[in-house]
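**Student:** My questions will all concern the structure given below.
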There are 2 protein chains.
Amino acid sequence: MEKCRLVFSGAGGQGVITAAIVLAEAAALHDDLNAIQTQSYGPEARGGATRSDVIISDTTIHFPKVLQPNILVCLTQEAYNKYYSIIRPGGLLILDSRFVTTNIKAAARQIALPMYQTVMDTIGKPIVFNICMLGAVIGISDLIQPESIIKVLQTRIPAAYLAINEQALRLGMGLGEPYAP
Amino acid sequence: MEKCRLVFSGAGGQGVITAAIVLAEAAALHDDLNAIQTQSYGPEARGGATRSDVIISDTTIHFPKVLQPNILVCLTQEAYNKYYSIIRPGGLLILDSRFVTTNIKAAARQIALPMYQTVMDTIGKPIVFNICMLGAVIGISDLIQPESIIKVLQTRIPAAYLAINEQALRLGMGLGEPYAP
């Protein structure tokens with residue numbers, strides 16, 4: 001596989017850091033890949049937009065920061081405004097269609113998905129928005145096995161919440177799969 | 001302040017990643033510092049010992065990985081065996097006295113604290129072991145304000161668990177403070 005560099009961005013509390021950790025753990029512990037996961041906090045973090053980076057590779061990863069992501073996810077307008085310009089040319093930009101509107105032409109494939117709306121209509125709990133987003137990412141990119149995500153969720157999520165997390169993952173995959181290459 | 005580089009190490013499930021994220025967020029969002037937090041997963045992560053890195057600074061942080069920590073925490077023997085050699089000469093090595101025994105002379109100040117035992121004797125719930133560890137770190141190092149940690153916990157921990165987390169933090173500070181410079 002080619003090295004895949006991802007940036008998940010959004011507002012504090014939307015769970016982008018958790019989503020990144022779940023993805024990195026799933027890749028490394030269950031898909032036999034290497035992964036590194038980073039977040040940095042500076043004056044910009046105090047301003048609002050949060051970002052979390054993941055690199056996944058089957059070879060050693062030397063530099064842990066993502067400069068140009070292959071996959072950039074933006075869950076809020078503020079995160080989009082701040083980060084859309086870092087996308088790798090030819091990369092994939094995944095947006096939540098409720099929270100982000102855009103007229104800018106990026107040098108990337110731009111996919112707006114109703115992730116938040118689908119979670120709210122079907123499950124009614126915003127806390128699994130981040131896992132729906134993760135489902136969309138792996139539905140589109142086929143980056144890792146969904147079962148690997150579920151194995152990680154089983155170790156991290158209280159049993160009572162596991163079913164809605166798995167449902168959110170499947171919903172996201174359903175939204176993403178039509179866009180798979 | 002001087003740049004402080006920390007590595008928290010232990011076994012999966014002990015919460016070293018969460019502790020690192022809480023510390024980084026507290027430093028950046030409430031103590032007006034910059035912070036970066038990283039974890040990498042490779043073949044060694046599949047073997048058992050987990051590690052999570054944090055850098056805290058009042059200036060810009062350029063390289064996000066910790067090569068030689070000023071503060072290294074080891075919560076298991078396996079983590080200790082694997083990581084004790086990376087400590088920065090003159091650094092601080094904090095061990096859990098129940099899980100780690102050592103006869104090796106490190107070029108560091110070595111402090112073994114009964115963190116796990118104190119949590120179990122006083123609170124009886126191992127899930128707050130990681131927050132007790134965080135309390136010990138800030139009790140010894142005075143790195144950031146304890147109130148900043150509590151503010152982050154308030155946003156991340158369900159209300160029902162907040163009291164035992166705060167208690168664990170105070171217990172850890174009590175264990176650490178006698179060793180403050």
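Simple scheme: letters A, B, ... for chains in structure tokens order, numbers from 1 for residues in each chain, numbers from 1 for ligands in the order shown.
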Restrict the distance test to only C-alpha atoms, flag each residue of chain A within 8 Å of chain B, and return the flagged residues as a ChimeraX atom specification.

**Tutor:** /A:24-25,28-29,32-43,45-46,64-65

**Student:** Pick out each residue of chain B that DSSP on the backbone tags as alpha helix (DSSP H); I need them as a ChimeraX atom specification.

**Tutor:** /B:16-25,43-47,77-83,115-122,129-141,146-156,159-176

**Student:** Need the shell around Leu175 in chain A: protein/DNA/RNA residues with any atom at most 10 Å away, counting only C-alpha atoms. Skip same-chain ones fewer than 2 positions apart. Format as an NGL selection string?

**Tutor:** :A and (112-115 or 118 or 132-133 or 135-137 or 139-140 or 169-173 or 177-179)

**Student:** If we count only C-alpha atoms, what is near Val16 in chain A at a cut-off of 9 Å, once residues fewer than 5 positions away on the same chain are taken out, given as a ChimeraX atom specification?

**Tutor:** /A:8-11,21,50-52,75,130

**Student:** With a distance cut-off of 9 Å and only C-alpha atoms, select the neighbouring residues of Gly90 in chain A, excluding the residue or stretch itself and same-chain residues fewer than 6 positions from it, and output the selection as a list in words.

**Tutor:**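 Non-adjacent residues within range: Asn70, Ala107, Ala108 and Arg109 of chain A.
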
**Student:** Running DSSP on the backbone, which parts of range 19-178 of chain A land in strand (DSSP E or B), as a ChimeraX atom specification?

**Tutor:** /A:34-41,49-57,71-74,92-96,109-113

**Student:** Record the distance separating CA of Val7 in chain B and CA of Leu72 in chain B, expressed in Å with one decimal.

**Tutor:**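 Interatomic distance, CA of Val7 in chain B to CA of Leu72 in chain B: 4.9 Å.
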
**Student:** When distances are computed from only C-alpha atoms, which of A:Pro126, A:Pro146, A:Gly48, A:Pro69 shows the smallest separation from Leu23 in chain A?

**Tutor:**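 Ranked by minimum distance to Leu23 in chain A, first place goes to A:Pro146.
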
**Student:** I'd like to know which of A:Met120, A:Ala79, A:Cys74, A:Leu143 is closest to Arg5 in chain A, using only C-alpha atoms.

**Tutor:**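 That would be A:Leu143, the residue with the smallest distance to Arg5 in chain A.
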
**Student:** Take CA of Leu134 in chain A and CA of Ala180 in chain A and report the distance between them in Å, one decimal.

**Tutor:**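 Atom-to-atom, CA of Leu134 in chain A to CA of Ala180 in chain A, that is 14.2 Å.
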
**Student:** Considering only C-alpha atoms, state which residue in the set B:Ile104, B:Leu93, B:Ile131, B:Ala160 is at the smallest distance from Ile71 in chain B.

**Tutor:**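 Between B:Ile104, B:Leu93, B:Ile131, B:Ala160, the residue approaching Ile71 in chain B most closely is B:Leu93.
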
**Student:** Nearest to Gly15 in chain B: which of B:Val100, B:Ile111, B:Val119, B:Ile127 is it, counting only C-alpha atoms?

**Tutor:**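 Ranking B:Val100, B:Ile111, B:Val119, B:Ile127 by distance to Gly15 in chain B, first place goes to B:Ile127.
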